[in-house]
Amino acid sequence: MSGYPARSRTRARDRDRTRPPEQLLVHLRCAKDLADRRYFDPLDLDQLAGAAGVTKYHFLRCFTDTYGKTPARYLTERRVERAQDLLRATNLTVTEVCMLVGYSSLGSFSARFKELVGMTPSGYQERWSCAGAPHIPGCFVFMHGLSDRLRSSAILEKQGENGTP
């Protein structure tokens with residue numbers, strides 16, 4: 001019998017059992033990168049788990065153990081962070097920003113935004129409109145897209161052939 005109480009041994013064993021194997025960390029990172037790149041798409045647990053190559057239940061447990069939050073929470077935070085950027089730097093309406101970051105409901109977007117930021121999206125935008133940098137016109141954002149979205153694969157293939165943009 002070791003010097004540790006039975007309760008401590010059980011906790012340590014449970015912690016070791018919930019820790020994802022090291023080879024899975026690379027795949028979890030791929031799923032997290034997918035969420036970062038395509039936060040504006042309606043991603044679900046099946047798609048993220050597919051990117052990691054595991055079942056959705058195993059993915060949910062491992063992602064939460066590794067990053068300290070569920071995939072849904074991580075995606076929500078990523079969307080709200082991007083919304084903050086757009087509200088600060090563009091003249092888009094709150095509804096347009098809501099749609100651009102992947103929400104289909106203005107009410108859900110506003111509730112999540114207020115929960116994470118502490119103020120409404122319109123209040124946040126108003127606060128930054130007075131003190132922030134000049135806004136990027138919304139028409140420019142719509143014409144040229146968001147800078148963090150993937151560019152056309154044809155453009156990327158063309159760049160790969162000769163190595164220049």
# chains A, B, ... in the order shown; residues from 1 in each chain; ligands from 1
call {"tool": "residues_around", "arguments": {"residues": "A:Gln23", "least_positions_apart": "4", "cutoff": "12 Å", "atoms": "only C-alpha atoms", "output": "list in words"}}
result
Arg19, His27, Leu28, Arg29, Ala52, Gly53 and Cys62 of chain A
call {"tool": "write_last_selection", "arguments": {"atoms": "all heavy atoms", "output": "PDB file, in the first residue's frame"}}
result
ATOM      1  N   ARG A  19      -6.545  12.232 -20.028  1.00  0.00           N
ATOM      2  CA  ARG A  19      -5.549  12.956 -20.811  1.00  0.00           C
ATOM      3  C   ARG A  19      -5.430  12.295 -22.181  1.00  0.00           C
ATOM      4  O   ARG A  19      -5.191  11.107 -22.281  1.00  0.00           O
ATOM      5  CB  ARG A  19      -4.205  12.917 -20.087  1.00  0.00           C
ATOM      6  CG  ARG A  19      -3.164  13.777 -20.738  1.00  0.00           C
ATOM      7  CD  ARG A  19      -1.889  13.823 -19.946  1.00  0.00           C
ATOM      8  NE  ARG A  19      -2.157  14.402 -18.634  1.00  0.00           N
ATOM      9  CZ  ARG A  19      -1.592  13.968 -17.510  1.00  0.00           C
ATOM     10  NH1 ARG A  19      -0.742  12.972 -17.526  1.00  0.00           N
ATOM     11  NH2 ARG A  19      -1.873  14.536 -16.364  1.00  0.00           N
ATOM     12  N   HIS A  27      -4.029  15.846 -34.157  1.00  0.00           N
ATOM     13  CA  HIS A  27      -5.333  15.793 -34.806  1.00  0.00           C
ATOM     14  C   HIS A  27      -6.320  16.765 -34.154  1.00  0.00           C
ATOM     15  O   HIS A  27      -7.141  17.372 -34.843  1.00  0.00           O
ATOM     16  CB  HIS A  27      -5.873  14.362 -34.783  1.00  0.00           C
ATOM     17  CG  HIS A  27      -4.963  13.406 -35.490  1.00  0.00           C
ATOM     18  ND1 HIS A  27      -4.798  13.409 -36.852  1.00  0.00           N
ATOM     19  CD2 HIS A  27      -4.147  12.436 -35.006  1.00  0.00           C
ATOM     20  CE1 HIS A  27      -3.922  12.476 -37.189  1.00  0.00           C
ATOM     21  NE2 HIS A  27      -3.511  11.876 -36.098  1.00  0.00           N
ATOM     22  N   LEU A  28      -6.214  16.933 -32.843  1.00  0.00           N
ATOM     23  CA  LEU A  28      -7.052  17.930 -32.167  1.00  0.00           C
ATOM     24  C   LEU A  28      -6.695  19.331 -32.663  1.00  0.00           C
ATOM     25  O   LEU A  28      -7.572  20.173 -32.855  1.00  0.00           O
ATOM     26  CB  LEU A  28      -6.875  17.856 -30.652  1.00  0.00           C
ATOM     27  CG  LEU A  28      -7.450  16.632 -29.950  1.00  0.00           C
ATOM     28  CD1 LEU A  28      -7.068  16.643 -28.472  1.00  0.00           C
ATOM     29  CD2 LEU A  28      -8.952  16.560 -30.122  1.00  0.00           C
ATOM     30  N   ARG A  29      -5.423  19.556 -32.873  1.00  0.00           N
ATOM     31  CA  ARG A  29      -4.972  20.853 -33.383  1.00  0.00           C
ATOM     32  C   ARG A  29      -5.514  21.096 -34.792  1.00  0.00           C
ATOM     33  O   ARG A  29      -5.891  22.213 -35.136  1.00  0.00           O
ATOM     34  CB  ARG A  29      -3.440  20.919 -33.363  1.00  0.00           C
ATOM     35  CG  ARG A  29      -2.888  22.233 -33.820  1.00  0.00           C
ATOM     36  CD  ARG A  29      -3.268  23.329 -32.884  1.00  0.00           C
ATOM     37  NE  ARG A  29      -2.929  24.600 -33.490  1.00  0.00           N
ATOM     38  CZ  ARG A  29      -3.276  25.749 -33.018  1.00  0.00           C
ATOM     39  NH1 ARG A  29      -3.950  25.843 -31.903  1.00  0.00           N
ATOM     40  NH2 ARG A  29      -2.935  26.842 -33.626  1.00  0.00           N
ATOM     41  N   ALA A  52     -10.427  15.584 -36.897  1.00  0.00           N
ATOM     42  CA  ALA A  52      -9.494  14.959 -35.955  1.00  0.00           C
ATOM     43  C   ALA A  52      -9.401  13.453 -36.167  1.00  0.00           C
ATOM     44  O   ALA A  52      -8.504  12.807 -35.628  1.00  0.00           O
ATOM     45  CB  ALA A  52      -9.929  15.248 -34.524  1.00  0.00           C
ATOM     46  N   GLY A  53     -10.344  12.892 -36.907  1.00  0.00           N
ATOM     47  CA  GLY A  53     -10.306  11.464 -37.209  1.00  0.00           C
ATOM     48  C   GLY A  53     -10.750  10.578 -36.059  1.00  0.00           C
ATOM     49  O   GLY A  53     -10.282   9.446 -35.946  1.00  0.00           O
ATOM     50  N   CYS A  62     -11.768  14.711 -25.423  1.00  0.00           N
ATOM     51  CA  CYS A  62     -10.353  15.050 -25.576  1.00  0.00           C
ATOM     52  C   CYS A  62     -10.142  16.545 -25.804  1.00  0.00           C
ATOM     53  O   CYS A  62      -9.214  17.134 -25.245  1.00  0.00           O
ATOM     54  CB  CYS A  62      -9.738  14.251 -26.724  1.00  0.00           C
ATOM     55  SG  CYS A  62      -9.614  12.496 -26.371  1.00  0.00           S
TER      56      CYS A  62
END
call {"tool": "select_by_dssp", "arguments": {"residues": "stretch 5-89 of chain A", "states": "helix (DSSP H, G or I)", "output": "PyMOL selection string"}}
result
chain A and resi 6-18+22-37+45-52+56-67+71-89
call {"tool": "closest_residue", "arguments": {"among": "A:Arg79, A:Ala31, A:Arg37, A:Val26", "to": "A:Gly102", "atoms": "only C-alpha atoms"}}
result
A:Arg79
call {"tool": "atom_distance", "arguments": {"atom1": "atom CA of A:His58", "atom2": "atom CA of A:Tyr39"}}
result
21.5 Å
call {"tool": "residues_around", "arguments": {"residues": "A:Gln84", "least_positions_apart": "3", "cutoff": "10 Å", "atoms": "only C-alpha atoms", "output": "PDB file with N, CA and C atoms, in the first residue's frame"}}
result
ATOM      1  N   ARG A  78     -14.375  32.331 -30.765  1.00  0.00           N
ATOM      2  CA  ARG A  78     -13.691  32.739 -31.996  1.00  0.00           C
ATOM      3  C   ARG A  78     -14.582  33.664 -32.821  1.00  0.00           C
ATOM      4  N   ARG A  79     -15.859  33.320 -32.923  1.00  0.00           N
ATOM      5  CA  ARG A  79     -16.802  34.145 -33.684  1.00  0.00           C
ATOM      6  C   ARG A  79     -16.970  35.522 -33.050  1.00  0.00           C
ATOM      7  N   VAL A  80     -17.064  35.564 -31.738  1.00  0.00           N
ATOM      8  CA  VAL A  80     -17.231  36.848 -31.050  1.00  0.00           C
ATOM      9  C   VAL A  80     -15.962  37.699 -31.175  1.00  0.00           C
ATOM     10  N   GLU A  81     -14.786  37.072 -31.112  1.00  0.00           N
ATOM     11  CA  GLU A  81     -13.539  37.817 -31.299  1.00  0.00           C
ATOM     12  C   GLU A  81     -13.499  38.467 -32.678  1.00  0.00           C
ATOM     13  N   LEU A  87     -16.644  45.008 -35.809  1.00  0.00           N
ATOM     14  CA  LEU A  87     -17.392  46.136 -35.242  1.00  0.00           C
ATOM     15  C   LEU A  87     -16.481  47.330 -34.982  1.00  0.00           C
ATOM     16  N   ARG A  88     -15.223  47.056 -34.631  1.00  0.00           N
ATOM     17  CA  ARG A  88     -14.266  48.141 -34.391  1.00  0.00           C
ATOM     18  C   ARG A  88     -13.776  48.784 -35.684  1.00  0.00           C
ATOM     19  N   ALA A  89     -13.564  47.970 -36.720  1.00  0.00           N
ATOM     20  CA  ALA A  89     -12.818  48.448 -37.885  1.00  0.00           C
ATOM     21  C   ALA A  89     -13.654  48.704 -39.137  1.00  0.00           C
ATOM     22  N   VAL A  97     -22.541  42.010 -39.492  1.00  0.00           N
ATOM     23  CA  VAL A  97     -21.452  41.355 -38.763  1.00  0.00           C
ATOM     24  C   VAL A  97     -21.913  40.002 -38.240  1.00  0.00           C
ATOM     25  N   PHE A 113     -22.608  37.593 -27.521  1.00  0.00           N
ATOM     26  CA  PHE A 113     -21.682  38.724 -27.507  1.00  0.00           C
ATOM     27  C   PHE A 113     -21.705  39.403 -26.145  1.00  0.00           C
ATOM     28  N   VAL A 117     -18.484  39.624 -23.858  1.00  0.00           N
ATOM     29  CA  VAL A 117     -17.836  40.934 -23.889  1.00  0.00           C
ATOM     30  C   VAL A 117     -18.319  41.836 -22.754  1.00  0.00           C
ATOM     31  N   PRO A 121     -23.539  44.268 -28.881  1.00  0.00           N
ATOM     32  CA  PRO A 121     -22.727  44.581 -30.063  1.00  0.00           C
ATOM     33  C   PRO A 121     -22.869  46.031 -30.511  1.00  0.00           C
ATOM     34  N   TYR A 124     -20.902  48.184 -28.157  1.00  0.00           N
ATOM     35  CA  TYR A 124     -19.478  48.009 -28.414  1.00  0.00           C
ATOM     36  C   TYR A 124     -19.063  48.814 -29.641  1.00  0.00           C
ATOM     37  N   GLN A 125     -19.869  48.727 -30.691  1.00  0.00           N
ATOM     38  CA  GLN A 125     -19.565  49.451 -31.922  1.00  0.00           C
ATOM     39  C   GLN A 125     -19.599  50.966 -31.677  1.00  0.00           C
ATOM     40  N   TRP A 128     -16.464  52.223 -29.876  1.00  0.00           N
ATOM     41  CA  TRP A 128     -15.271  52.295 -30.702  1.00  0.00           C
ATOM     42  C   TRP A 128     -15.394  53.281 -31.848  1.00  0.00           C
TER      43      TRP A 128
END
call {"tool": "atom_distance", "arguments": {"atom1": "atom CA of A:Val101", "atom2": "atom CA of A:Arg82"}}
result
6.8 Å
call {"tool": "closest_residue", "arguments": {"among": "A:Glu126, A:Asp65, A:Asp44, A:Ser105", "to": "A:Thr90", "atoms": "only C-alpha atoms"}}
result
A:Glu126
call {"tool": "atom_distance", "arguments": {"atom1": "atom CA of A:Tyr74", "atom2": "atom CA of A:Ser129"}}
result
27.5 Å
call {"tool": "residues_around", "arguments": {"residues": "A:Phe59", "least_positions_apart": "2", "cutoff": "12 Å", "atoms": "only C-alpha atoms", "output": "PyMOL selection string"}}
result
chain A and resi 18-21+24-25+27-32+44-57+61-67+70-72
call {"tool": "write_last_selection", "arguments": {"atoms": "C-alpha atoms", "output": "short mmCIF file (atom, residue, chain, number, x, y, z; two decimals), in the first residue's frame"}}
result
data_model
loop_
_atom_site.label_atom_id
_atom_site.label_comp_id
_atom_site.auth_asym_id
_atom_site.auth_seq_id
_atom_site.Cartn_x
_atom_site.Cartn_y
_atom_site.Cartn_z
CA THR A 18 -8.80 11.50 -19.51
CA ARG A 19 -5.55 12.96 -20.81
CA PRO A 20 -5.53 12.46 -24.59
CA PRO A 21 -2.65 10.45 -26.07
CA LEU A 24 -4.04 12.66 -30.84
CA LEU A 25 -2.92 16.19 -30.00
CA HIS A 27 -5.33 15.79 -34.81
CA LEU A 28 -7.05 17.93 -32.17
CA ARG A 29 -4.97 20.85 -33.38
CA CYS A 30 -6.15 20.18 -36.96
CA ALA A 31 -9.76 20.37 -35.79
CA LYS A 32 -9.05 23.56 -33.83
CA ASP A 44 -20.87 21.00 -36.06
CA LEU A 45 -19.29 18.43 -33.80
CA ASP A 46 -19.29 15.76 -36.52
CA GLN A 47 -17.24 17.94 -38.89
CA LEU A 48 -14.71 18.87 -36.23
CA ALA A 49 -14.41 15.26 -35.04
CA GLY A 50 -13.99 14.18 -38.66
CA ALA A 51 -11.06 16.60 -39.01
CA ALA A 52 -9.49 14.96 -35.95
CA GLY A 53 -10.31 11.46 -37.21
CA VAL A 54 -12.14 10.28 -34.08
CA THR A 55 -15.74 9.81 -32.97
CA LYS A 56 -17.59 12.92 -31.88
CA TYR A 57 -17.88 11.70 -28.28
CA ARG A 61 -13.89 14.65 -24.24
CA CYS A 62 -10.35 15.05 -25.58
CA PHE A 63 -10.85 18.61 -26.87
CA THR A 64 -12.36 19.71 -23.57
CA ASP A 65 -9.58 18.06 -21.56
CA THR A 66 -6.88 19.58 -23.77
CA TYR A 67 -8.16 23.13 -24.28
CA THR A 70 -15.89 22.53 -25.35
CA PRO A 71 -15.54 22.85 -29.14
CA ALA A 72 -18.84 24.79 -29.24
#
call {"tool": "closest_residue", "arguments": {"among": "A:Val94, A:Leu116, A:Leu34, A:Leu100", "to": "A:Glu77", "atoms": "only C-alpha atoms"}}
result
A:Leu116
call {"tool": "closest_residue", "arguments": {"among": "A:Gly68, A:Glu115, A:Leu75, A:Gly107", "to": "A:Asp33", "atoms": "only C-alpha atoms"}}
result
A:Leu75
